[in-house]
Amino acid sequence: MDCLFCKIAAGEIPSRKAYEDDKILAFWDIAPQAPVHILVIPKTHIESMNGVNAENSKIVAYIFEKIPQIAADAGLKNGYRVISNCGKDAGQTVPHLHFHILGGVTMDAGMIK
Ligand code: AMP
Ligand code: ZN
């Protein structure tokens with residue numbers, strides 16, 4: 001499959017890893033929008049939030065179990081924001097489910113422009 005994040009998960013394209021196990025990978029975003037900007041992905045291909053279903057939702061729960069530790073390891077002591085863009089209107093550019101962890105700065109209360 002010609003999927004950028006599947007290739008990163010497989011190690012075919014290099015990334016700066018923040019956390020990895022057999023099920024998920026967390027890596028630093030190549031174009032950071034905050035001092036800490038990490039992406040967390042399932043190693044299995046799911047296109048977006050719209051592709052989450054009863055068969056694969058356990059991996060989403062697992063990602064959310066791991067996010068606090070990934071954030072803590074990145075030094076995010078004062079909080080962080082988790083975002084998943086789904087589809088065109090949200091600006092999803094990579095069609096492989098991913099969660100942005102953003103932090104290291106005090107963010108505005110508004111979540112959309
Ligand atoms: P989204 O716009 O929500 O689909 O997020 C995709 C994110 O992937 C963007 O923040 C990009 O900067 C990031 N990105 C694209 N290519 C790479 C790459 N090779 N390594 C790390 N991050 C990437
Ligand atoms: Zn993929």
# chains A, B, ... in the order shown; residues from 1 in each chain; ligands from 1
$ residues_near_ligand --ligand "ligand 2" --cutoff "8 Å" --atoms "only C-alpha atoms and all ligand atoms" --output "PyMOL selection string"
chain A and resi 1-7+43-47+95-97
$ residues_near_ligand --ligand "ligand 1" --cutoff "7 Å" --atoms "only C-alpha atoms and all ligand atoms" --output "PyMOL selection string"
chain A and resi 15+27-32+84-85+91-95
$ write_last_selection --atoms "N, CA and C atoms" --output "short mmCIF file (atom, residue, chain, number, x, y, z; two decimals), in the first residue's frame"
data_model
loop_
_atom_site.label_atom_id
_atom_site.label_comp_id
_atom_site.auth_asym_id
_atom_site.auth_seq_id
_atom_site.Cartn_x
_atom_site.Cartn_y
_atom_site.Cartn_z
N SER A 15 12.05 8.24 10.80
CA SER A 15 11.33 9.20 11.64
C SER A 15 12.09 9.35 12.95
N PHE A 27 6.02 9.52 16.75
CA PHE A 27 7.19 10.15 16.16
C PHE A 27 6.96 11.65 16.04
N TRP A 28 8.05 12.38 16.00
CA TRP A 28 7.98 13.85 15.98
C TRP A 28 7.53 14.32 14.60
N ASP A 29 6.61 15.28 14.60
CA ASP A 29 6.10 15.83 13.34
C ASP A 29 7.23 16.57 12.60
N ILE A 30 7.28 16.39 11.30
CA ILE A 30 8.35 16.97 10.48
C ILE A 30 8.18 18.50 10.34
N ALA A 31 6.98 19.00 10.55
CA ALA A 31 6.71 20.45 10.46
C ALA A 31 5.98 20.89 11.72
N PRO A 32 6.70 20.95 12.84
CA PRO A 32 6.03 21.15 14.13
C PRO A 32 5.26 22.46 14.23
N SER A 84 -7.12 14.98 16.23
CA SER A 84 -7.12 14.09 15.07
C SER A 84 -7.97 14.73 13.98
N ASN A 85 -7.32 15.10 12.90
CA ASN A 85 -8.04 15.67 11.77
C ASN A 85 -8.65 14.55 10.95
N GLY A 91 -8.76 19.27 7.34
CA GLY A 91 -7.39 19.44 6.86
C GLY A 91 -6.52 18.21 7.00
N GLN A 92 -7.14 17.02 7.00
CA GLN A 92 -6.34 15.80 7.05
C GLN A 92 -5.55 15.66 5.76
N THR A 93 -4.22 15.57 5.89
CA THR A 93 -3.37 15.47 4.70
C THR A 93 -2.78 14.08 4.51
N VAL A 94 -2.71 13.31 5.58
CA VAL A 94 -2.18 11.94 5.48
C VAL A 94 -3.30 10.97 5.85
N PRO A 95 -3.76 10.16 4.89
CA PRO A 95 -4.91 9.30 5.15
C PRO A 95 -4.55 8.01 5.89
#
$ residues_around --residues "Lys58 of chain A" --least-positions-apart "5" --cutoff "12 Å" --atoms "only C-alpha atoms" --output "count of residues only"
9
$ select_by_dssp --residues "segment 19-51 of chain A" --states "strand (DSSP E or B)" --output "MDAnalysis selection string"
chainID A and resid 19:20 24:28 36:42
$ atom_distance --atom1 "atom CA of Ala109 of chain A" --atom2 "atom CA of Ile59 of chain A"
29.0 Å
$ select_by_dssp --residues "segment 2-113 of chain A" --states "alpha helix (DSSP H)" --output "PyMOL selection string"
chain A and resi 4-9+57-73
$ write_last_selection --atoms "C-alpha atoms" --output "PDB file, in the first residue's frame"
ATOM      1  CA  LEU A   4       3.344   7.397   4.040  1.00  0.00           C
ATOM      2  CA  PHE A   5       2.609   6.496   7.651  1.00  0.00           C
ATOM      3  CA  CYS A   6       2.505   2.740   6.917  1.00  0.00           C
ATOM      4  CA  LYS A   7       6.009   3.204   5.468  1.00  0.00           C
ATOM      5  CA  ILE A   8       7.138   5.140   8.547  1.00  0.00           C
ATOM      6  CA  ALA A   9       5.621   2.436  10.780  1.00  0.00           C
ATOM      7  CA  SER A  57     -11.313   0.288  18.043  1.00  0.00           C
ATOM      8  CA  LYS A  58      -9.144  -1.456  20.649  1.00  0.00           C
ATOM      9  CA  ILE A  59      -6.073   0.095  19.050  1.00  0.00           C
ATOM     10  CA  VAL A  60      -7.575   3.548  19.537  1.00  0.00           C
ATOM     11  CA  ALA A  61      -8.171   2.824  23.225  1.00  0.00           C
ATOM     12  CA  TYR A  62      -4.609   1.536  23.440  1.00  0.00           C
ATOM     13  CA  ILE A  63      -3.241   4.734  21.868  1.00  0.00           C
ATOM     14  CA  PHE A  64      -5.149   6.784  24.441  1.00  0.00           C
ATOM     15  CA  GLU A  65      -3.758   4.616  27.243  1.00  0.00           C
ATOM     16  CA  LYS A  66      -0.248   5.384  26.014  1.00  0.00           C
ATOM     17  CA  ILE A  67      -0.598   9.112  25.251  1.00  0.00           C
ATOM     18  CA  PRO A  68      -0.097  10.307  28.865  1.00  0.00           C
ATOM     19  CA  GLN A  69       3.239   8.498  29.096  1.00  0.00           C
ATOM     20  CA  ILE A  70       4.363   9.713  25.657  1.00  0.00           C
ATOM     21  CA  ALA A  71       3.459  13.278  26.685  1.00  0.00           C
ATOM     22  CA  ALA A  72       5.224  12.946  30.036  1.00  0.00           C
ATOM     23  CA  ASP A  73       8.342  11.528  28.382  1.00  0.00           C
TER      24      ASP A  73
END
$ atom_distance --atom1 "atom CA of Asn50 of chain A" --atom2 "atom CA of His98 of chain A"
12.0 Å
$ closest_residue --among "A:Gly75, A:Asp89, A:Arg81, A:Pro14" --to "Met111 of chain A" --atoms "only C-alpha atoms"
A:Arg81
$ closest_residue --among "A:Val40, A:Leu76, A:Ala54, A:Met49" --to "Thr106 of chain A" --atoms "only C-alpha atoms"
A:Leu76
$ atom_distance --atom1 "atom CA of Leu102 of chain A" --atom2 "atom CA of Ala10 of chain A"
24.0 Å
$ closest_residue --among "A:Ala74, A:Gly104, A:Pro35, A:Ile41" --to "Asp22 of chain A" --atoms "only C-alpha atoms"
A:Ile41
$ closest_residue --among "A:Val36, A:Tyr19, A:Ala26, A:Cys86" --to "Gly51 of chain A" --atoms "only C-alpha atoms"
A:Cys86
$ closest_residue --among "A:Ser48, A:Glu55, A:Glu20, A:Asn78" --to "Ala90 of chain A" --atoms "only C-alpha atoms"
A:Ser48
